[in-house]
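What follows is the content of coords25.txt, which has compact mmCIF, C-alpha atoms:
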```txt
# COMPACT_ATOMS: atom_id res chain seq x y z
CA MET A 1 64.49 96.16 98.59
CA LYS A 2 67.39 96.39 101.02
CA GLY A 3 69.46 98.26 98.42
CA ALA A 4 66.78 100.90 97.94
CA MET A 5 66.46 101.29 101.70
CA LEU A 6 70.19 101.59 102.23
CA ARG A 7 70.56 104.27 99.60
CA LYS A 8 68.04 106.47 101.45
CA LEU A 9 69.70 106.21 104.85
CA PRO A 10 72.51 108.56 105.86
CA LEU A 11 75.96 107.03 106.15
CA MET A 12 74.76 103.83 104.52
CA ILE A 13 76.32 102.14 101.54
CA THR A 14 75.02 99.48 99.23
CA CYS A 15 76.59 96.06 98.79
CA ARG A 16 78.19 97.19 95.57
CA GLU A 17 79.75 100.17 97.31
CA PHE A 18 80.85 97.83 100.10
CA GLU A 19 82.62 95.80 97.43
CA ASP A 20 84.56 98.88 96.34
CA PHE A 21 85.78 99.47 99.90
CA LEU A 22 86.68 95.86 100.61
CA LEU A 23 90.35 95.76 99.65
CA ASP A 24 91.23 98.99 101.44
CA TYR A 25 89.31 97.80 104.51
CA MET A 26 91.28 94.56 104.60
CA GLU A 27 94.56 96.42 104.20
CA GLY A 28 93.63 98.78 107.01
CA SER A 29 93.91 101.80 104.76
CA LEU A 30 90.35 103.13 105.03
CA PRO A 31 90.04 106.48 106.79
CA THR A 32 88.22 106.23 110.12
CA ARG A 33 84.93 107.60 108.88
CA GLN A 34 84.80 105.27 105.87
CA ARG A 35 85.80 102.33 108.02
CA ARG A 36 82.88 103.01 110.33
CA ILE A 37 80.49 103.25 107.41
CA PHE A 38 81.88 99.97 106.09
CA GLU A 39 81.46 98.28 109.47
CA VAL A 40 77.88 99.49 109.85
CA HIS A 41 77.06 97.84 106.54
CA LEU A 42 78.87 94.73 107.67
CA ALA A 43 76.79 94.61 110.85
CA ILE A 44 73.45 94.79 109.07
CA CYS A 45 74.13 92.81 105.89
CA ARG A 46 74.25 89.03 106.23
CA GLU A 47 75.30 88.53 102.61
CA CYS A 48 78.33 90.82 102.84
CA ARG A 49 79.33 89.39 106.22
CA GLU A 50 79.34 85.87 104.86
CA TYR A 51 80.97 86.99 101.66
CA LEU A 52 83.81 88.63 103.59
CA ALA A 53 84.36 85.53 105.71
CA ALA A 54 84.60 83.32 102.63
CA TYR A 55 86.83 85.86 100.89
CA ARG A 56 89.25 85.79 103.82
CA GLU A 57 89.22 82.01 103.91
CA THR A 58 89.99 81.95 100.19
CA ILE A 59 93.11 84.08 100.69
CA GLU A 60 94.24 81.82 103.49
CA LEU A 61 93.69 78.67 101.43
CA GLY A 62 95.82 80.14 98.65
CA ARG A 63 98.65 80.93 101.01
CA GLN A 64 98.51 77.52 102.65
CA ALA A 65 98.64 75.80 99.27
CA PHE A 66 101.96 77.43 98.41
CA GLU A 67 103.44 77.02 101.89
CA ASP A 68 103.27 73.30 101.35
CA PRO A 69 106.72 72.19 100.11
CA ALA A 70 105.04 69.77 97.71
CA ALA A 71 103.69 72.77 95.77
CA ASN A 72 107.21 73.79 94.84
CA PRO A 73 109.80 72.11 92.65
CA PRO A 74 112.23 69.73 94.34
CA GLU A 75 114.99 71.47 96.23
CA ASP A 76 117.73 69.42 94.61
CA VAL A 77 118.49 71.56 91.59
CA PRO A 78 119.87 69.79 88.51
CA GLU A 79 123.64 70.05 88.50
CA ASP A 80 123.71 70.99 84.82
CA LEU A 81 121.62 74.08 85.55
CA ILE A 82 124.13 75.23 88.16
CA THR A 83 126.99 74.53 85.76
CA ALA A 84 125.22 76.46 82.99
CA VAL A 85 124.78 79.52 85.18
CA LEU A 86 128.39 79.52 86.30
CA ALA A 87 129.64 78.98 82.77
CA ALA A 88 127.41 81.63 81.22
CA ARG A 89 127.94 84.45 83.66
CA GLY A 90 130.93 85.82 81.83
CA GLY A 91 129.51 85.27 78.35
CA ASP A 92 127.24 87.27 76.14
CA PRO A 93 124.99 89.38 78.33
CA LYS A 94 121.27 88.80 77.94
CA GLY A 95 120.14 91.73 79.95
CA MET B 1 109.55 92.51 101.89
CA PRO B 2 108.07 89.66 103.84
CA GLU B 3 109.92 88.14 106.73
CA ARG B 4 110.47 84.92 104.86
CA GLN B 5 112.38 86.84 102.21
CA SER B 6 114.20 89.26 104.42
CA GLY B 7 117.00 88.89 106.85
CA VAL B 8 118.28 85.88 105.00
CA LEU B 9 121.61 86.05 103.29
CA LEU B 10 121.43 82.82 101.39
CA GLY B 11 119.10 79.95 100.73
CA ASP B 12 117.08 78.58 103.60
CA ASP B 13 119.28 75.53 103.85
CA GLN B 14 122.43 77.56 104.25
CA THR B 15 124.09 77.08 107.59
CA PRO B 16 126.15 79.78 109.25
CA SER B 17 129.18 77.53 109.41
CA GLU B 18 129.31 77.35 105.64
CA GLY B 19 129.03 80.98 105.00
CA SER B 20 130.75 84.24 105.06
CA SER B 21 128.85 87.36 106.00
CA GLU B 22 126.72 89.02 103.39
CA GLU B 23 129.28 91.79 103.02
CA GLU B 24 132.10 89.30 102.50
CA MET B 25 130.12 87.42 99.91
CA ILE B 26 129.26 90.58 98.00
CA ALA B 27 132.88 91.72 98.13
CA GLY B 28 133.98 88.32 96.85
CA LEU B 29 131.48 88.40 94.00
CA ARG B 30 132.57 91.88 93.01
CA ALA B 31 136.18 90.75 93.00
CA GLY B 32 135.32 87.82 90.73
CA ASP B 33 135.99 85.18 93.38
CA GLU B 34 135.07 81.86 91.74
CA ALA B 35 134.43 80.04 95.00
CA GLN B 36 132.08 82.75 96.26
CA ALA B 37 130.23 82.75 92.95
CA THR B 38 129.72 79.00 93.16
CA ARG B 39 128.48 79.21 96.74
CA PHE B 40 126.23 82.10 95.85
CA VAL B 41 124.63 80.20 92.99
CA ARG B 42 124.25 76.95 94.92
CA ALA B 43 122.76 78.69 97.93
CA ASN B 44 120.16 80.69 96.03
CA ILE B 45 119.22 78.74 92.94
CA GLY B 46 116.75 76.47 94.76
CA TRP B 47 114.45 79.09 96.23
CA MET B 48 114.76 81.29 93.13
CA ARG B 49 113.66 78.35 90.98
CA ALA B 50 110.67 77.86 93.27
CA VAL B 51 109.66 81.52 92.84
CA ALA B 52 110.03 81.23 89.06
CA PHE B 53 108.00 78.03 88.96
CA ARG B 54 105.18 79.51 91.03
CA LEU B 55 104.86 82.38 88.59
CA LEU B 56 105.51 80.53 85.33
CA ARG B 57 104.10 77.05 86.05
CA ASP B 58 106.54 75.49 83.62
CA ASP B 59 109.74 73.69 84.57
CA GLY B 60 111.63 74.66 81.44
CA LEU B 61 110.66 78.31 81.59
CA ALA B 62 111.44 78.40 85.31
CA ASP B 63 114.92 77.02 84.67
CA ASP B 64 115.52 79.58 81.91
CA CYS B 65 114.24 82.29 84.21
CA VAL B 66 116.43 81.40 87.15
CA GLN B 67 119.46 81.04 84.91
CA ASP B 68 118.92 84.49 83.41
CA ALA B 69 118.19 85.99 86.83
CA LEU B 70 121.36 84.59 88.40
CA ILE B 71 123.51 85.66 85.48
CA LYS B 72 122.00 89.13 85.67
CA ALA B 73 122.63 89.25 89.42
CA LEU B 74 126.23 88.15 89.09
CA ARG B 75 126.93 90.65 86.34
CA ASN B 76 125.22 93.47 88.20
CA ILE B 77 126.42 92.77 91.71
CA GLY B 78 128.42 95.98 91.49
CA LYS B 79 125.16 97.90 91.26
CA PHE B 80 123.73 96.30 94.40
CA GLU B 81 123.63 99.18 96.83
CA GLY B 82 122.87 97.27 99.98
CA ARG B 83 119.63 99.13 100.66
CA SER B 84 117.88 95.80 100.98
CA LYS B 85 119.02 92.33 101.83
CA LEU B 86 120.71 90.44 99.04
CA LYS B 87 117.89 87.90 99.01
CA THR B 88 115.30 90.64 98.60
CA TRP B 89 117.27 92.02 95.65
CA LEU B 90 117.50 88.56 94.10
CA HIS B 91 113.79 88.00 94.62
CA ARG B 92 113.00 91.16 92.65
CA ILE B 93 115.32 90.15 89.84
CA THR B 94 113.72 86.71 89.68
CA VAL B 95 110.20 88.16 89.62
CA ASN B 96 111.14 90.61 86.88
CA GLU B 97 112.72 87.88 84.77
CA ALA B 98 109.63 85.70 85.24
CA LEU B 99 107.38 88.56 84.14
CA MET B 100 109.51 89.08 81.05
CA LYS B 101 109.07 85.40 80.21
CA LEU B 102 105.32 85.65 80.74
CA ARG B 103 105.08 88.70 78.51
CA SER B 104 106.99 86.99 75.75
CA ARG B 105 104.75 83.95 76.02
CA LYS B 106 101.44 85.70 76.33
CA ARG B 107 100.43 89.29 76.71
CA LEU B 108 99.19 90.07 80.19
CA GLU B 109 96.09 91.70 78.85
CA GLU B 110 92.75 92.21 80.54
CA ASP B 111 91.26 88.77 80.22
CA LEU B 112 87.59 88.22 80.81
CA ILE B 113 86.93 87.64 84.49
CA ASP B 114 83.38 88.98 84.77
CA PRO B 115 81.66 85.59 85.06
CA LEU B 116 83.66 84.93 88.23
CA LEU B 117 82.93 88.24 89.95
CA PRO B 118 80.31 88.76 92.69
CA ASP B 119 76.68 89.02 91.70
CA PHE B 120 74.38 91.91 92.62
CA ASP B 121 70.66 92.36 92.05
CA GLU B 122 68.95 95.35 90.45
CA ASN B 123 69.11 97.18 93.79
CA THR B 124 72.86 96.61 94.01
CA CYS B 125 72.32 94.11 96.82
CA ARG B 126 74.75 91.23 96.94
CA ILE B 127 73.44 87.86 95.83
CA GLU B 128 75.11 85.38 98.16
CA ALA B 129 73.55 82.07 99.03
CA PRO B 130 73.45 81.57 102.82
CA TRP B 131 76.52 79.85 104.21
CA THR B 132 74.58 77.48 106.38
CA ARG B 133 76.95 74.61 105.83
CA ARG B 134 80.35 76.20 105.96
CA ILE B 135 82.80 73.53 106.97
CA SER B 136 86.49 73.63 107.22
CA ALA B 137 88.33 72.45 104.14
CA GLU B 138 90.33 70.08 106.33
CA GLU B 139 87.18 68.12 107.06
CA ILE B 140 86.61 66.96 103.53
CA LEU B 141 89.98 66.81 101.82
CA SER B 142 93.45 65.72 102.73
CA GLN B 143 96.15 68.38 102.74
CA ALA B 144 97.50 67.12 99.42
CA GLU B 145 94.06 67.06 97.79
CA ARG B 146 93.28 70.53 99.09
CA ARG B 147 96.57 71.89 97.84
CA GLN B 148 96.04 70.38 94.40
CA LEU B 149 92.53 71.77 94.17
CA VAL B 150 93.53 75.28 95.25
CA LEU B 151 96.53 75.34 92.92
CA SER B 152 94.34 74.14 90.09
CA LYS B 153 91.73 76.83 90.73
CA ILE B 154 94.38 79.55 90.93
CA GLY B 155 95.60 78.25 87.59
CA GLU B 156 92.12 78.81 86.13
CA LEU B 157 92.27 82.54 86.81
CA PRO B 158 92.91 84.73 83.78
CA GLU B 159 96.65 85.30 83.60
CA SER B 160 96.63 89.06 84.19
CA TYR B 161 94.73 88.48 87.45
CA ARG B 162 96.56 85.34 88.51
CA ILE B 163 99.90 87.10 88.30
CA VAL B 164 98.74 89.97 90.53
CA LEU B 165 97.35 87.51 93.07
CA MET B 166 100.63 85.60 93.05
CA LEU B 167 102.80 88.68 93.43
CA ARG B 168 100.71 90.19 96.24
CA ASP B 169 99.41 87.22 98.22
CA ILE B 170 102.10 84.62 97.65
CA GLU B 171 105.32 86.49 96.81
CA GLU B 172 104.20 89.26 99.17
CA LEU B 173 105.29 92.25 97.12
CA ASP B 174 103.51 95.43 98.12
CA THR B 175 101.11 97.27 95.83
CA ALA B 176 103.71 99.77 94.62
CA GLU B 177 106.21 97.00 93.84
CA VAL B 178 103.64 95.06 91.83
CA ALA B 179 102.61 98.20 89.97
CA GLU B 180 106.22 98.90 89.05
CA ALA B 181 106.95 95.31 88.03
CA LEU B 182 103.88 95.11 85.80
CA GLY B 183 103.98 98.68 84.51
CA ILE B 184 100.45 99.44 85.68
CA THR B 185 99.02 101.87 88.21
CA GLU B 186 98.62 101.03 91.89
CA GLY B 187 94.88 101.49 91.47
CA ASN B 188 94.89 98.91 88.73
CA VAL B 189 96.85 96.50 90.94
CA LYS B 190 94.20 96.86 93.65
CA VAL B 191 91.35 96.29 91.22
CA ARG B 192 93.00 93.21 89.76
CA LEU B 193 93.90 91.81 93.17
CA HIS B 194 90.37 92.19 94.47
CA ARG B 195 88.88 90.66 91.33
CA ALA B 196 91.35 87.78 91.43
CA ARG B 197 90.50 87.00 95.06
CA ALA B 198 86.77 87.32 94.39
CA ALA B 199 87.05 85.03 91.37
CA LEU B 200 89.08 82.49 93.33
CA LYS B 201 86.46 82.56 96.08
CA LYS B 202 83.80 81.69 93.53
CA LEU B 203 85.93 78.90 92.11
CA LEU B 204 86.56 77.49 95.58
CA GLU B 205 82.98 77.78 96.80
CA PRO B 206 82.13 74.12 96.32
CA LEU B 207 85.05 73.29 98.59
CA LEU B 208 84.18 75.95 101.14
CA ARG B 209 80.54 74.91 101.19
CA GLY B 210 81.41 71.29 101.68
CA GLU B 211 80.14 70.23 98.27
CA THR B 212 81.96 68.08 95.78
CA PRO B 213 84.64 70.29 94.18
```
Target encoding structure tokens, full file:
Amino acid sequence: MKGAMLRKLPLMITCREFEDFLLDYMEGSLPTRQRRIFEVHLAICRECREYLAAYRETIELGRQAFEDPAANPPEDVPEDLITAVLAARGGDPKG
Amino acid sequence: MPERQSGVLLGDDQTPSEGSSEEEMIAGLRAGDEAQATRFVRANIGWMRAVAFRLLRDDGLADDCVQDALIKALRNIGKFEGRSKLKTWLHRITVNEALMKLRSRKRLEEDLIDPLLPDFDENTCRIEAPWTRRISAEEILSQAERRQLVLSKIGELPESYRIVLMLRDIEELDTAEVAEALGITEGNVKVRLHRARAALKKLLEPLLRGETP
């Protein structure tokens, strides 16, 4: 019902169209007019508002997970790996 | 490049007292200075290995990757033009080597992600259950548990989407850099990034809604 209504109103977009704008909106690359259209939809659509909030939280959770040192391999690199690099650098090129 | 990659000559644990300037190090490497080469490798291998591991998720492959990347860097130091920081240059080499390893292991093709994308009804309205119980992830899981869960869910993403998410959101390459590294268009990078984030959101919803993951 809301979708049909939105399609008939000027300067209104549907949730699916909102989805298409989402990445550019978050990167701040939407032209002013499109950004305003996007924000009008955001103001009137509870589903898209909540979706966007959870989407942002998801990105943040991903970043936090990798910022944790425990997500990365130990900093003490095996000595044989260092030796192998130094020994191989003058050998047969791989690339 | 992101701040954490830029403005840094060597590894994060490098102290100024140990080091020469970036220019001195590069000059030493170009001249074949053994001591500079050793310092260069020791100072950078740790963070490069971490980048490789994040992308490859395999210790052995990550070690192969970082070895190949460092050898390539040492052999090509003469081509380093100084337009970016040395660490930024090394980061790109490491990412490219990791992508080569991924391609040889599994083609980065368009895997099926549709079941994880947002749902819309016949009127193109979003279907999104009300977030009446949104709670902070910290409230229900310890930091370690949360990290494990998020890493595990990122690992469930189809590879061609996971890698775009990693390069953009974690390694912080820009859209053009990711497009170049993967050999796809910038538009395709944006589509994959958005789908990867949307899919990850769906996978993390039990956590975000305070339900059992």
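If all atoms listed in the file are the atoms counted, then among A:Leu11, A:Ala65, A:Ile44, A:Met26 the closest residue to chain B is A:Ala65.
Between chain A and the candidates B:Ala50, B:Leu55, B:Ala62, B:Ile163, the tightest atom-to-atom separation, counting all atoms listed in the file, involves B:Ala50.
Residue nearest A:Cys45, chosen from A:Gln64, A:Leu30, A:Met12, A:Val85 and counting only C-alpha atoms: A:Met12.
Contacts from chain B to chain A at a cut-off of 6 Å (all atoms listed in the file) map to B:Gly46, B:Ala50, B:Gln67, B:Ile71, B:Asn123, B:Thr124, B:Cys125, B:Arg126, B:Glu128, B:Arg147, B:Lys201.
In this structure, atom CA of B:Leu182 sits 23.9 Å away from atom CA of A:Tyr25.
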